[in-house]
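Just final_6.cif here, mmCIF, C-alpha atoms:
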data_protein
#
loop_
_atom_site.label_atom_id
_atom_site.label_comp_id
_atom_site.auth_asym_id
_atom_site.auth_seq_id
_atom_site.Cartn_x
_atom_site.Cartn_y
_atom_site.Cartn_z
CA MET A 52 14.14 -3.45 31.19
CA THR A 53 16.80 -4.08 28.54
CA ILE A 54 15.69 -5.92 25.42
CA PRO A 55 18.21 -7.68 23.13
CA PHE A 56 17.23 -7.66 19.45
CA ILE A 57 18.44 -8.26 15.94
CA LYS A 58 17.44 -5.98 13.08
CA TYR A 59 16.59 -7.84 9.84
CA GLN A 60 15.60 -6.81 6.35
CA GLY A 61 14.02 -8.82 3.56
CA THR A 62 14.44 -6.92 0.29
CA GLY A 63 14.27 -3.65 2.21
CA ASN A 64 11.25 -4.63 4.34
CA ASP A 65 12.79 -4.28 7.82
CA PHE A 66 11.95 -5.87 11.16
CA ILE A 67 12.99 -5.92 14.80
CA MET A 68 13.41 -9.57 15.85
CA ILE A 69 13.20 -10.54 19.54
CA ASP A 70 13.79 -14.02 20.96
CA GLN A 71 11.07 -14.47 23.56
CA ARG A 72 11.34 -18.22 24.13
CA THR A 73 12.74 -18.08 27.67
CA GLN A 74 12.01 -14.51 28.79
CA ARG A 75 8.97 -12.38 28.02
CA TYR A 76 9.87 -8.83 27.08
CA LEU A 77 6.67 -7.74 25.34
CA GLU A 78 2.98 -8.58 25.43
CA ILE A 79 0.36 -8.06 22.73
CA SER A 80 -1.06 -5.25 24.87
CA ASP A 81 2.25 -3.29 24.84
CA ARG A 82 1.22 -1.27 21.80
CA GLN A 83 2.95 1.98 22.81
CA SER A 84 6.26 0.23 23.51
CA ILE A 85 6.17 -1.63 20.20
CA GLU A 86 5.26 1.54 18.31
CA PHE A 87 8.18 3.31 20.02
CA LEU A 88 10.64 0.54 19.11
CA CYS A 89 9.55 0.73 15.44
CA HIS A 90 9.74 4.54 15.32
CA ARG A 91 12.50 5.67 12.95
CA ARG A 92 13.32 8.82 14.94
CA PHE A 93 12.93 7.81 18.57
CA GLY A 94 13.36 4.03 18.52
CA ILE A 95 15.23 1.38 16.53
CA GLY A 96 13.19 1.91 13.39
CA ALA A 97 11.37 -0.78 11.40
CA ASP A 98 8.31 -1.63 9.31
CA GLY A 99 7.36 -4.16 11.99
CA LEU A 100 8.38 -6.10 15.08
CA ILE A 101 8.39 -9.89 15.39
CA LEU A 102 8.51 -12.08 18.50
CA LEU A 103 9.91 -15.60 18.25
CA GLU A 104 8.15 -17.70 20.89
CA GLN A 105 7.96 -21.32 21.97
CA SER A 106 5.37 -23.51 20.28
CA GLU A 107 3.89 -26.63 21.85
CA LYS A 108 3.63 -28.48 18.53
CA TYR A 109 6.06 -26.86 16.09
CA ASP A 110 9.56 -25.41 15.89
CA PHE A 111 8.47 -21.95 17.03
CA ARG A 112 5.68 -19.40 16.98
CA MET A 113 5.75 -16.08 15.10
CA VAL A 114 3.94 -13.06 16.56
CA TYR A 115 3.95 -10.06 14.21
CA PHE A 116 3.20 -6.39 14.86
CA ASN A 117 2.92 -3.51 12.41
CA ALA A 118 4.88 -0.32 13.01
CA ASP A 119 1.80 1.20 14.65
CA GLY A 120 2.18 -1.31 17.49
CA ARG A 121 -0.87 -3.41 16.62
CA GLN A 122 -0.67 -7.17 16.20
CA SER A 123 -1.30 -7.84 12.54
CA THR A 124 -1.90 -10.57 9.99
CA MET A 125 0.74 -12.63 8.22
CA CYS A 126 3.90 -10.98 6.90
CA GLY A 127 5.71 -12.88 4.13
CA ASN A 128 9.08 -11.14 4.35
CA GLY A 129 8.83 -11.25 8.13
CA GLY A 130 8.14 -14.97 7.94
CA ARG A 131 11.26 -15.50 5.88
CA CYS A 132 13.31 -13.34 8.28
CA ILE A 133 12.14 -15.20 11.38
CA VAL A 134 13.22 -18.50 9.82
CA HIS A 135 16.71 -17.11 9.28
CA PHE A 136 16.63 -15.73 12.85
CA ALA A 137 15.63 -19.16 14.22
CA HIS A 138 18.46 -20.75 12.23
CA SER A 139 20.94 -18.25 13.72
CA LEU A 140 19.71 -19.16 17.22
CA GLY A 141 20.62 -22.80 16.66
CA ILE A 142 17.19 -24.09 15.63
CA GLU A 143 18.41 -26.10 12.65
CA ARG A 144 15.96 -28.02 10.48
CA ASP A 145 15.85 -29.23 6.89
CA ILE A 146 12.21 -28.09 6.85
CA TYR A 147 10.93 -25.62 9.44
CA HIS A 148 7.36 -25.76 10.68
CA PHE A 149 6.11 -22.73 12.56
CA GLU A 150 2.79 -21.26 13.55
CA ALA A 151 1.64 -17.74 12.73
CA ILE A 152 -1.64 -15.91 13.08
CA ASP A 153 -2.92 -17.41 9.80
CA GLY A 154 -1.93 -20.99 10.64
CA LEU A 155 0.97 -23.35 9.97
CA HIS A 156 3.82 -22.50 7.60
CA GLU A 157 6.73 -24.48 6.20
CA ALA A 158 10.07 -22.99 5.21
CA CYS A 159 13.65 -23.90 4.43
CA MET A 160 17.01 -22.28 3.88
CA ILE A 161 17.94 -22.03 0.18
CA ALA A 162 21.20 -23.75 -0.71
CA GLY A 163 23.38 -21.59 -2.94
CA MET A 164 21.62 -18.29 -2.11
CA GLU A 165 23.26 -16.17 0.57
CA ASN A 166 20.70 -15.69 3.38
CA GLY A 167 18.06 -17.22 1.11
CA VAL A 168 14.80 -18.49 2.63
CA ARG A 169 11.87 -20.22 0.92
CA LEU A 170 8.50 -19.89 2.68
CA LYS A 171 5.26 -21.72 1.95
CA MET A 172 2.18 -19.49 1.98
CA ASN A 173 -1.40 -20.60 2.57
CA ASP A 174 -3.62 -21.66 -0.32
CA VAL A 175 -5.74 -18.95 -1.94
CA THR A 176 -9.18 -20.00 -3.16
CA THR A 177 -10.98 -16.67 -3.43
CA ILE A 178 -9.87 -13.79 -5.64
CA LYS A 179 -12.39 -11.03 -6.28
CA ARG A 180 -12.10 -9.20 -9.58
CA LEU A 181 -13.20 -5.60 -9.04
CA LYS A 182 -12.38 -4.23 -12.50
CA GLU A 183 -10.52 -5.51 -15.54
CA ASN A 184 -7.19 -4.55 -13.92
CA GLU A 185 -8.10 -4.60 -10.20
CA PHE A 186 -8.29 -7.52 -7.79
CA GLU A 187 -8.87 -8.15 -4.10
CA LEU A 188 -7.48 -11.22 -2.31
CA ASN A 189 -6.02 -12.46 0.96
CA THR A 190 -2.55 -14.05 0.98
CA GLY A 191 -2.31 -14.11 4.77
CA SER A 192 -3.05 -10.38 4.77
CA PRO A 193 -5.71 -8.55 2.72
CA HIS A 194 -4.50 -7.01 -0.54
CA PHE A 195 -5.79 -4.79 -3.32
CA VAL A 196 -3.89 -5.18 -6.60
CA ARG A 197 -4.05 -2.73 -9.51
CA PHE A 198 -2.18 -3.44 -12.76
CA VAL A 199 -0.83 -0.26 -14.34
CA GLN A 200 1.43 0.80 -17.21
CA GLU A 201 4.03 2.17 -14.80
CA ILE A 202 4.47 2.33 -11.03
CA PRO A 203 3.00 5.61 -9.71
CA GLY A 204 5.45 8.36 -8.83
CA ASN A 205 3.64 8.89 -5.53
CA VAL A 206 2.69 5.47 -4.17
CA ASP A 207 1.79 6.97 -0.78
CA ALA A 208 -0.84 9.31 -2.22
CA GLU A 209 -2.45 6.80 -4.58
CA GLY A 210 -2.21 3.97 -2.06
CA ARG A 211 -3.75 6.06 0.69
CA GLU A 212 -6.70 6.89 -1.57
CA VAL A 213 -7.59 3.20 -1.86
CA ARG A 214 -6.66 2.20 1.69
CA TYR A 215 -9.00 4.84 3.18
CA ALA A 216 -11.84 4.31 0.73
CA PRO A 217 -15.10 3.72 2.65
CA GLN A 218 -15.11 -0.05 2.08
CA TYR A 219 -11.58 -0.47 3.48
CA ALA A 220 -11.14 2.38 5.95
CA GLU A 221 -12.02 0.53 9.16
CA ALA A 222 -10.16 -2.77 8.72
CA GLY A 223 -7.55 -1.44 6.29
CA ILE A 224 -6.06 -3.08 3.23
CA ASN A 225 -2.61 -3.22 1.63
CA VAL A 226 -2.51 -1.57 -1.79
CA ASN A 227 -0.29 -2.88 -4.59
CA PHE A 228 0.54 -1.35 -7.95
CA ALA A 229 1.98 -3.81 -10.47
CA VAL A 230 3.47 -3.81 -13.96
CA ILE A 231 3.83 -6.90 -16.17
CA SER A 232 7.06 -6.75 -18.15
CA ASP A 233 8.93 -9.44 -20.16
CA HIS A 234 7.70 -12.41 -18.08
CA GLU A 235 8.51 -10.69 -14.80
CA LEU A 236 6.56 -8.38 -12.54
CA HIS A 237 7.30 -5.04 -10.90
CA ALA A 238 5.43 -4.17 -7.72
CA ALA A 239 5.13 -1.38 -5.15
CA THR A 240 3.06 -1.63 -1.97
CA TYR A 241 1.40 0.83 0.39
CA GLU A 242 1.11 -1.04 3.70
CA ARG A 243 -1.61 -0.54 6.28
CA GLY A 244 -0.19 -0.23 9.79
CA VAL A 245 2.93 1.42 8.37
CA GLU A 246 0.63 3.83 6.49
CA ALA A 247 3.27 4.41 3.83
CA GLU A 248 5.01 2.66 0.97
CA THR A 249 7.47 -0.03 2.02
CA LEU A 250 10.38 -1.11 -0.15
CA SER A 251 8.91 -4.60 -0.40
CA CYS A 252 5.99 -6.67 0.90
CA GLY A 253 6.04 -10.47 0.84
CA THR A 254 2.29 -11.08 1.00
CA GLY A 255 1.87 -8.21 -1.48
CA VAL A 256 4.32 -9.70 -3.96
CA THR A 257 2.49 -13.02 -3.61
CA ALA A 258 -0.85 -11.32 -4.22
CA VAL A 259 0.52 -9.60 -7.33
CA ALA A 260 1.84 -12.88 -8.76
CA LEU A 261 -1.46 -14.71 -8.27
CA ALA A 262 -3.59 -11.85 -9.58
CA ALA A 263 -1.26 -11.58 -12.58
CA ARG A 264 -2.05 -15.17 -13.55
CA LEU A 265 -5.74 -14.26 -13.73
CA TYR A 266 -5.06 -10.93 -15.44
CA ASN A 267 -2.48 -12.25 -17.89
CA HIS A 268 -2.62 -15.99 -18.43
CA GLY A 269 0.96 -15.98 -19.72
CA THR A 270 2.39 -15.14 -16.30
CA PRO A 271 4.70 -18.08 -15.45
CA SER A 272 5.44 -19.94 -12.25
CA PRO A 273 7.90 -19.34 -10.77
CA VAL A 274 7.87 -15.63 -11.55
CA ARG A 275 10.36 -12.99 -10.46
CA VAL A 276 8.82 -9.93 -8.83
CA LYS A 277 11.02 -6.86 -8.71
CA THR A 278 10.48 -4.40 -5.86
CA LYS A 279 12.34 -1.25 -4.90
CA GLY A 280 14.13 -3.27 -2.22
CA GLY A 281 15.15 -6.22 -4.39
CA ASP A 282 13.89 -9.33 -6.18
CA LEU A 283 11.58 -12.04 -4.86
CA TRP A 284 10.30 -15.20 -6.52
CA VAL A 285 6.79 -16.62 -6.28
CA GLU A 286 5.86 -20.11 -7.43
CA PHE A 287 2.41 -21.69 -7.36
CA GLU A 288 0.02 -24.21 -8.84
CA SER A 289 -3.15 -22.84 -10.40
CA LYS A 290 -6.39 -24.60 -11.29
CA ASP A 291 -9.80 -23.03 -11.94
CA GLY A 292 -8.80 -19.80 -10.18
CA ASN A 293 -7.57 -21.64 -7.08
CA PHE A 294 -3.93 -21.47 -6.02
CA SER A 295 -1.95 -24.01 -3.99
CA ASN A 296 1.69 -24.90 -3.27
CA ILE A 297 2.49 -21.18 -3.08
CA TRP A 298 6.11 -20.44 -2.18
CA LEU A 299 7.83 -17.10 -1.61
CA SER A 300 11.62 -17.04 -1.97
CA GLY A 301 14.35 -14.45 -1.51
CA PRO A 302 17.00 -13.11 0.87
CA ALA A 303 16.46 -12.53 4.60
CA THR A 304 19.41 -10.53 5.86
CA PRO A 305 20.54 -9.68 9.41
CA VAL A 306 21.59 -6.03 9.63
CA PHE A 307 22.79 -5.42 13.19
CA THR A 308 22.46 -6.67 16.76
CA GLY A 309 21.79 -4.45 19.77
CA GLU A 310 20.07 -3.84 23.06
CA ILE A 311 17.55 -1.15 23.93
CA ARG A 312 16.22 0.00 27.28
CA LEU A 313 12.49 0.36 27.88
CA GLY A 314 11.22 2.34 30.84
CA GLN A 315 13.26 3.42 33.86
#
The structure in this file should be written as C-alpha coordinates.
Amino acid sequence: MTIPFIKYQGTGNDFIMIDQRTQRYLEISDRQSIEFLCHRRFGIGADGLILLEQSEKYDFRMVYFNADGRQSTMCGNGGRCIVHFAHSLGIERDIYHFEAIDGLHEACMIAGMENGVRLKMNDVTTIKRLKENEFELNTGSPHFVRFVQEIPGNVDAEGREVRYAPQYAEAGINVNFAVISDHELHAATYERGVEAETLSCGTGVTAVALAARLYNHGTPSPVRVKTKGGDLWVEFESKDGNFSNIWLSGPATPVFTGEIRLGQ
(Lines of atoms letter the chains of each structure in order from A and count residues from 1; the text may use other names and numbers.)
(Lines give C-alpha, C1' and ligand atoms only; values in the text may rest on other atoms or scores of the structure.)
Protein backbone atom coordinates (compact mmCIF):
# COMPACT_ATOMS: atom_id res chain seq x y z
CA MET A 1 0.00 0.00 0.00
CA THR A 2 1.31 3.44 -0.96
CA ILE A 3 0.39 6.32 1.34
CA PRO A 4 0.54 9.96 0.15
CA PHE A 5 1.49 12.43 2.89
CA ILE A 6 2.61 15.96 3.61
CA LYS A 7 5.23 16.70 6.25
CA TYR A 8 4.44 19.78 8.38
CA GLN A 9 6.19 21.63 11.17
CA GLY A 10 4.85 24.13 13.67
CA THR A 11 7.78 25.95 15.27
CA GLY A 12 9.90 22.83 14.87
CA ASN A 13 7.25 20.41 16.18
CA ASP A 14 6.89 18.14 13.13
CA PHE A 15 4.05 15.94 11.89
CA ILE A 16 3.12 13.54 9.11
CA MET A 17 -0.27 14.62 7.73
CA ILE A 18 -2.47 12.11 5.86
CA ASP A 19 -5.77 12.89 4.15
CA GLN A 20 -8.02 9.97 5.04
CA ARG A 21 -11.39 11.41 4.01
CA THR A 22 -12.00 9.13 1.01
CA GLN A 23 -9.54 6.27 1.53
CA ARG A 24 -8.49 4.63 4.79
CA TYR A 25 -4.76 4.05 5.00
CA LEU A 26 -4.34 3.61 8.75
CA GLU A 27 -6.40 2.45 11.71
CA ILE A 28 -5.94 3.26 15.39
CA SER A 29 -4.73 -0.32 15.87
CA ASP A 30 -1.86 0.10 13.35
CA ARG A 31 0.59 1.11 16.08
CA GLN A 32 3.68 -0.52 14.53
CA SER A 33 3.08 1.09 11.14
CA ILE A 34 2.58 4.53 12.67
CA GLU A 35 5.66 4.14 14.85
CA PHE A 36 7.64 3.13 11.74
CA LEU A 37 6.42 6.15 9.76
CA CYS A 38 7.46 8.50 12.60
CA HIS A 39 10.89 6.86 13.03
CA ARG A 40 13.67 9.29 12.07
CA ARG A 41 16.00 6.57 10.78
CA PHE A 42 13.74 4.04 9.09
CA GLY A 43 10.61 6.06 8.24
CA ILE A 44 9.66 9.62 7.33
CA GLY A 45 10.49 11.00 10.75
CA ALA A 46 8.19 13.11 12.95
CA ASP A 47 7.10 13.91 16.50
CA GLY A 48 3.64 12.63 15.57
CA LEU A 49 1.24 11.54 12.84
CA ILE A 50 -2.16 13.11 12.16
CA LEU A 51 -5.10 11.76 10.16
CA LEU A 52 -7.58 14.20 8.62
CA GLU A 53 -10.93 12.41 8.44
CA GLN A 54 -14.53 13.21 7.56
CA SER A 55 -16.76 14.53 10.32
CA GLU A 56 -20.54 14.18 10.33
CA LYS A 57 -21.09 17.55 12.01
CA TYR A 58 -17.98 19.67 11.45
CA ASP A 59 -15.41 20.55 8.79
CA PHE A 60 -13.18 17.58 9.60
CA ARG A 61 -11.93 15.28 12.33
CA MET A 62 -8.38 15.21 13.70
CA VAL A 63 -6.89 11.90 14.88
CA TYR A 64 -3.46 12.32 16.50
CA PHE A 65 -0.77 9.77 17.29
CA ASN A 66 2.49 10.21 19.19
CA ALA A 67 5.75 9.01 17.66
CA ASP A 68 5.42 5.77 19.63
CA GLY A 69 2.39 4.89 17.49
CA ARG A 70 -0.22 5.33 20.23
CA GLN A 71 -3.26 7.53 19.76
CA SER A 72 -2.81 10.46 22.10
CA THR A 73 -4.51 13.50 23.55
CA MET A 74 -4.76 16.94 21.95
CA CYS A 75 -1.75 18.46 20.20
CA GLY A 76 -1.81 22.25 19.85
CA ASN A 77 0.81 22.62 17.12
CA GLY A 78 -0.68 19.61 15.36
CA GLY A 79 -4.09 21.25 15.53
CA ARG A 80 -2.74 24.37 13.89
CA CYS A 81 -0.97 22.29 11.22
CA ILE A 82 -4.07 20.27 10.34
CA VAL A 83 -6.02 23.50 9.79
CA HIS A 84 -3.39 24.67 7.31
CA PHE A 85 -3.46 21.19 5.72
CA ALA A 86 -7.26 21.34 5.38
CA HIS A 87 -6.97 24.79 3.81
CA SER A 88 -4.43 23.44 1.28
CA LEU A 89 -6.87 20.63 0.39
CA GLY A 90 -9.51 23.17 -0.59
CA ILE A 91 -11.48 23.21 2.66
CA GLU A 92 -11.78 26.98 2.90
CA ARG A 93 -13.56 28.61 5.84
CA ASP A 94 -13.41 31.94 7.62
CA ILE A 95 -13.68 29.96 10.87
CA TYR A 96 -12.88 26.25 10.95
CA HIS A 97 -14.69 23.91 13.30
CA PHE A 98 -13.14 20.50 13.80
CA GLU A 99 -13.39 17.68 16.29
CA ALA A 100 -10.45 16.20 18.17
CA ILE A 101 -10.12 13.73 21.01
CA ASP A 102 -10.75 16.49 23.58
CA GLY A 103 -13.81 17.93 21.82
CA LEU A 104 -14.60 20.74 19.40
CA HIS A 105 -12.04 23.35 18.33
CA GLU A 106 -12.25 26.55 16.33
CA ALA A 107 -9.44 27.97 14.22
CA CYS A 108 -8.70 30.46 11.48
CA MET A 109 -5.91 31.46 9.14
CA ILE A 110 -4.09 34.61 10.31
CA ALA A 111 -4.13 37.44 7.78
CA GLY A 112 -0.71 39.04 7.39
CA MET A 113 1.25 36.12 8.90
CA GLU A 114 2.75 33.67 6.42
CA ASN A 115 1.29 30.22 7.19
CA GLY A 116 -0.18 31.66 10.38
CA VAL A 117 -2.96 29.75 12.17
CA ARG A 118 -4.91 30.74 15.30
CA LEU A 119 -6.42 27.84 17.28
CA LYS A 120 -8.90 27.98 20.15
CA MET A 121 -8.05 25.65 23.03
CA ASN A 122 -10.48 24.27 25.61
CA ASP A 123 -11.19 26.15 28.84
CA VAL A 124 -9.02 25.28 31.83
CA THR A 125 -10.72 25.34 35.22
CA THR A 126 -8.37 23.24 37.33
CA ILE A 127 -4.71 24.05 37.94
CA LYS A 128 -2.98 22.23 40.77
CA ARG A 129 -0.14 24.06 42.49
CA LEU A 130 2.41 21.49 43.62
CA LYS A 131 5.09 23.88 44.91
CA GLU A 132 5.68 27.61 44.73
CA ASN A 133 7.13 27.24 41.22
CA GLU A 134 5.48 23.97 40.05
CA PHE A 135 2.04 23.40 38.57
CA GLU A 136 0.01 20.58 37.06
CA LEU A 137 -2.79 21.19 34.54
CA ASN A 138 -4.48 19.82 31.44
CA THR A 139 -4.65 21.95 28.29
CA GLY A 140 -5.93 19.11 26.12
CA SER A 141 -2.94 17.04 27.25
CA PRO A 142 -1.58 16.70 30.81
CA HIS A 143 1.31 19.01 31.68
CA PHE A 144 3.75 19.61 34.52
CA VAL A 145 5.21 23.13 34.56
CA ARG A 146 8.29 24.18 36.54
CA PHE A 147 9.46 27.82 36.53
CA VAL A 148 13.25 28.09 36.65
CA GLN A 149 15.96 30.74 36.37
CA GLU A 150 17.23 29.25 33.11
CA ILE A 151 16.22 26.40 30.81
CA PRO A 152 18.10 23.22 31.82
CA GLY A 153 21.05 22.21 29.67
CA ASN A 154 19.73 18.65 29.56
CA VAL A 155 15.95 18.83 29.19
CA ASP A 156 15.77 15.10 28.40
CA ALA A 157 17.37 14.06 31.68
CA GLU A 158 15.45 16.44 33.92
CA GLY A 159 12.20 15.92 32.03
CA ARG A 160 12.51 12.15 32.20
CA GLU A 161 12.98 12.33 35.97
CA VAL A 162 9.56 13.95 36.36
CA ARG A 163 7.79 12.03 33.61
CA TYR A 164 8.75 8.67 35.18
CA ALA A 165 8.13 9.69 38.77
CA PRO A 166 5.80 7.15 40.45
CA GLN A 167 2.72 9.39 40.24
CA TYR A 168 3.12 9.91 36.48
CA ALA A 169 4.89 6.80 35.22
CA GLU A 170 1.86 4.82 34.04
CA ALA A 171 -0.20 7.47 32.25
CA GLY A 172 2.72 9.79 31.48
CA ILE A 173 2.88 13.57 31.59
CA ASN A 174 4.53 16.28 29.49
CA VAL A 175 7.18 18.21 31.39
CA ASN A 176 7.79 21.92 30.79
CA PHE A 177 10.58 24.16 32.03
CA ALA A 178 9.82 27.88 31.79
CA VAL A 179 11.55 31.21 32.34
CA ILE A 180 9.75 34.55 32.76
CA SER A 181 11.70 37.33 31.08
CA ASP A 182 10.71 40.93 30.17
CA HIS A 183 6.98 40.22 29.72
CA GLU A 184 7.63 37.16 27.58
CA LEU A 185 8.18 33.51 28.36
CA HIS A 186 10.77 30.94 27.35
CA ALA A 187 9.77 27.28 27.40
CA ALA A 188 11.20 23.83 26.71
CA THR A 189 9.15 20.63 26.78
CA TYR A 190 9.89 16.94 27.29
CA GLU A 191 7.02 15.12 25.57
CA ARG A 192 5.60 11.77 26.59
CA GLY A 193 5.15 9.45 23.62
CA VAL A 194 8.18 11.03 21.95
CA GLU A 195 10.12 10.43 25.19
CA ALA A 196 12.47 13.30 24.42
CA GLU A 197 12.55 17.08 24.19
CA THR A 198 10.72 18.52 21.20
CA LEU A 199 11.55 21.91 19.72
CA SER A 200 8.09 23.17 20.61
CA CYS A 201 4.81 21.95 22.12
CA GLY A 202 1.54 23.82 21.59
CA THR A 203 -0.36 22.47 24.59
CA GLY A 204 2.84 22.88 26.62
CA VAL A 205 3.27 26.52 25.64
CA THR A 206 -0.39 27.08 26.55
CA ALA A 207 0.13 25.41 29.92
CA VAL A 208 3.18 27.57 30.61
CA ALA A 209 1.29 30.78 29.78
CA LEU A 210 -1.64 29.94 32.07
CA ALA A 211 0.56 28.75 34.93
CA ALA A 212 2.65 31.91 34.56
CA ARG A 213 -0.42 34.06 35.24
CA LEU A 214 -0.86 32.27 38.57
CA TYR A 215 2.86 32.31 39.34
CA ASN A 216 3.47 35.89 38.24
CA HIS A 217 0.35 38.04 38.13
CA GLY A 218 2.07 40.48 35.77
CA THR A 219 2.12 37.98 32.91
CA PRO A 220 0.09 39.64 30.12
CA SER A 221 -2.38 38.31 27.59
CA PRO A 222 -1.50 37.86 24.82
CA VAL A 223 1.99 36.71 25.76
CA ARG A 224 4.78 35.60 23.46
CA VAL A 225 6.33 32.25 24.33
CA LYS A 226 9.74 31.59 22.82
CA THR A 227 10.70 27.97 22.14
CA LYS A 228 13.77 26.47 20.50
CA GLY A 229 11.71 26.06 17.32
CA GLY A 230 10.26 29.57 17.19
CA ASP A 231 7.73 31.94 18.76
CA LEU A 232 4.10 31.25 19.65
CA TRP A 233 1.48 33.54 21.16
CA VAL A 234 -1.08 32.61 23.81
CA GLU A 235 -4.04 34.80 24.72
CA PHE A 236 -6.65 34.10 27.38
CA GLU A 237 -9.18 35.49 29.82
CA SER A 238 -8.57 34.78 33.49
CA LYS A 239 -10.94 35.01 36.45
CA ASP A 240 -10.54 33.40 39.88
CA GLY A 241 -7.99 30.90 38.57
CA ASN A 242 -10.23 29.84 35.67
CA PHE A 243 -9.16 30.39 32.07
CA SER A 244 -11.37 30.80 29.00
CA ASN A 245 -11.12 32.13 25.43
CA ILE A 246 -7.67 30.55 25.16
CA TRP A 247 -6.06 30.95 21.74
CA LEU A 248 -2.74 29.61 20.45
CA SER A 249 -1.23 31.38 17.44
CA GLY A 250 1.83 30.90 15.25
CA PRO A 251 3.10 29.47 11.96
CA ALA A 252 2.12 26.06 10.56
CA THR A 253 4.47 25.31 7.70
CA PRO A 254 4.37 22.58 5.02
CA VAL A 255 7.84 21.10 4.52
CA PHE A 256 7.56 18.51 1.74
CA THR A 257 5.12 16.17 0.00
CA GLY A 258 5.78 12.50 -0.69
CA GLU A 259 4.57 8.94 -0.85
CA ILE A 260 5.72 5.96 1.20
CA ARG A 261 5.08 2.27 0.74
CA LEU A 262 3.88 0.12 3.63
CA GLY A 263 4.12 -3.65 3.44
CA GLN A 264 4.74 -5.70 0.30
Query - Contact residues around A:Phe198 with only C-alpha atoms at 12 Å, ignoring same-chain residues under 6 positions, as a PyMOL selection string - result: chain A and resi 180-187+226-232+236-239+258-260+262-267
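Distances to A:Cys159 were evaluated for A:Ile297, A:Leu100, A:Ala216, A:Val134 using only C-alpha atoms, and the minimum falls at A:Val134.
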**Report entry** Nearest-residue call for A:Asp207, choices A:Lys179, A:Lys108, A:His194, A:Arg243, using only C-alpha atoms
**Finding:** A:Arg243
Query raised in the report: If you apply the PyMOL selection byres ((chain A and resi 60) around 9) to this file, what residues do you get, as a list in words?
Result: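 Output of the PyMOL selection byres ((chain A and resi 60) around 9): Lys58, Tyr59, Gly61, Thr62, Gly63, Asn64, Asp65, Phe66, Ile67, Ala97, Asn128, Gly129, Cys132, Pro302, Ala303, Thr304, Pro305 and Val306 of chain A.
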Query raised in the report: Neighbours of A:Asp174 within 12 Å (all atoms listed in the file; same-chain residues fewer than 3 positions away dropped), as a ChimeraX atom specification?
Result: /A:153-156,171,177-178,188-191,257-258,261,286-290,292-298
Report task. Please indicate the distance in Å from atom CA of A:Val285 to atom CA of A:Pro273, rounded to one decimal place. Result -> 5.4 Å
Query raised in the report: Looking at all atoms listed in the file, which of A:Arg112, A:Arg211, A:Arg275, A:Arg121 is the one that sits closest to A:Asp98?
Result: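 The shortest atom-to-atom distance to A:Asp98 comes from A:Arg121.
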**Report entry** Selection: 9 Å around A:Leu88, all atoms listed in the file, excl. self and same-chain fewer than 6 positions, as an NGL selection string
**Finding:** :A and (67 or 94-97 or 100 or 118 or 120 or 311 or 313)
Query raised in the report: With only C-alpha atoms as the basis for distance, which of A:His90, A:Leu102, A:Thr270, A:Arg82 is at the shortest distance from A:Asp70?
Result: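 For A:Asp70, the nearest of the given residues is A:Leu102.
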Query raised in the report: Exactly which residues make up the result of the PyMOL selection byres ((chain A and resi 213) around 10) on this file, given as a list of chain:residue names?
Result: A:Phe195, A:Ala208, A:Glu209, A:Gly210, A:Arg211, A:Glu212, A:Arg214, A:Tyr215, A:Ala216, A:Pro217, A:Gln218, A:Tyr219, A:Ala220, A:Gly223, A:Ile224, A:Asn225, A:Val226, A:Asn227, A:Tyr241
Query raised in the report: Using all atoms listed in the file, which of A:Thr308, A:Thr254, A:Gln200, A:Gln74 sits nearest A:Asn173?
Result: A:Thr254
Report task. Please determine the residues with any atom at most 9 Å from (10.3, -12.2, -4.4) (coordinates as given in the file, with only C-alpha atoms counting) and report them as an NGL selection string. Result -> :A and (62 or 128 or 251-253 or 256-257 or 274-278 or 281-285 or 299-302)
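Going from atom CA of A:Val245 to atom CA of A:Asp119 covers 6.4 Å.
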Query - Residue nearest A:Phe149 among A:Met172, A:Met125, A:Met164, A:Met113 (counting only C-alpha atoms) - result: A:Met113
Query raised in the report: Given the file above and the PyMOL selection byres ((chain A and resi 124) around 9), which residues are selected, and can you give them as number ranges by chain?
Result: A: 115-117, 122-123, 125-126, 151-153, 191-193
**Report entry** Residue neighbourhood A:Gly314, 10 Å, only C-alpha atoms, exclusion window fewer than 4 positions, as a list in words
**Finding:** Met52, Thr53 and Ser84 of chain A
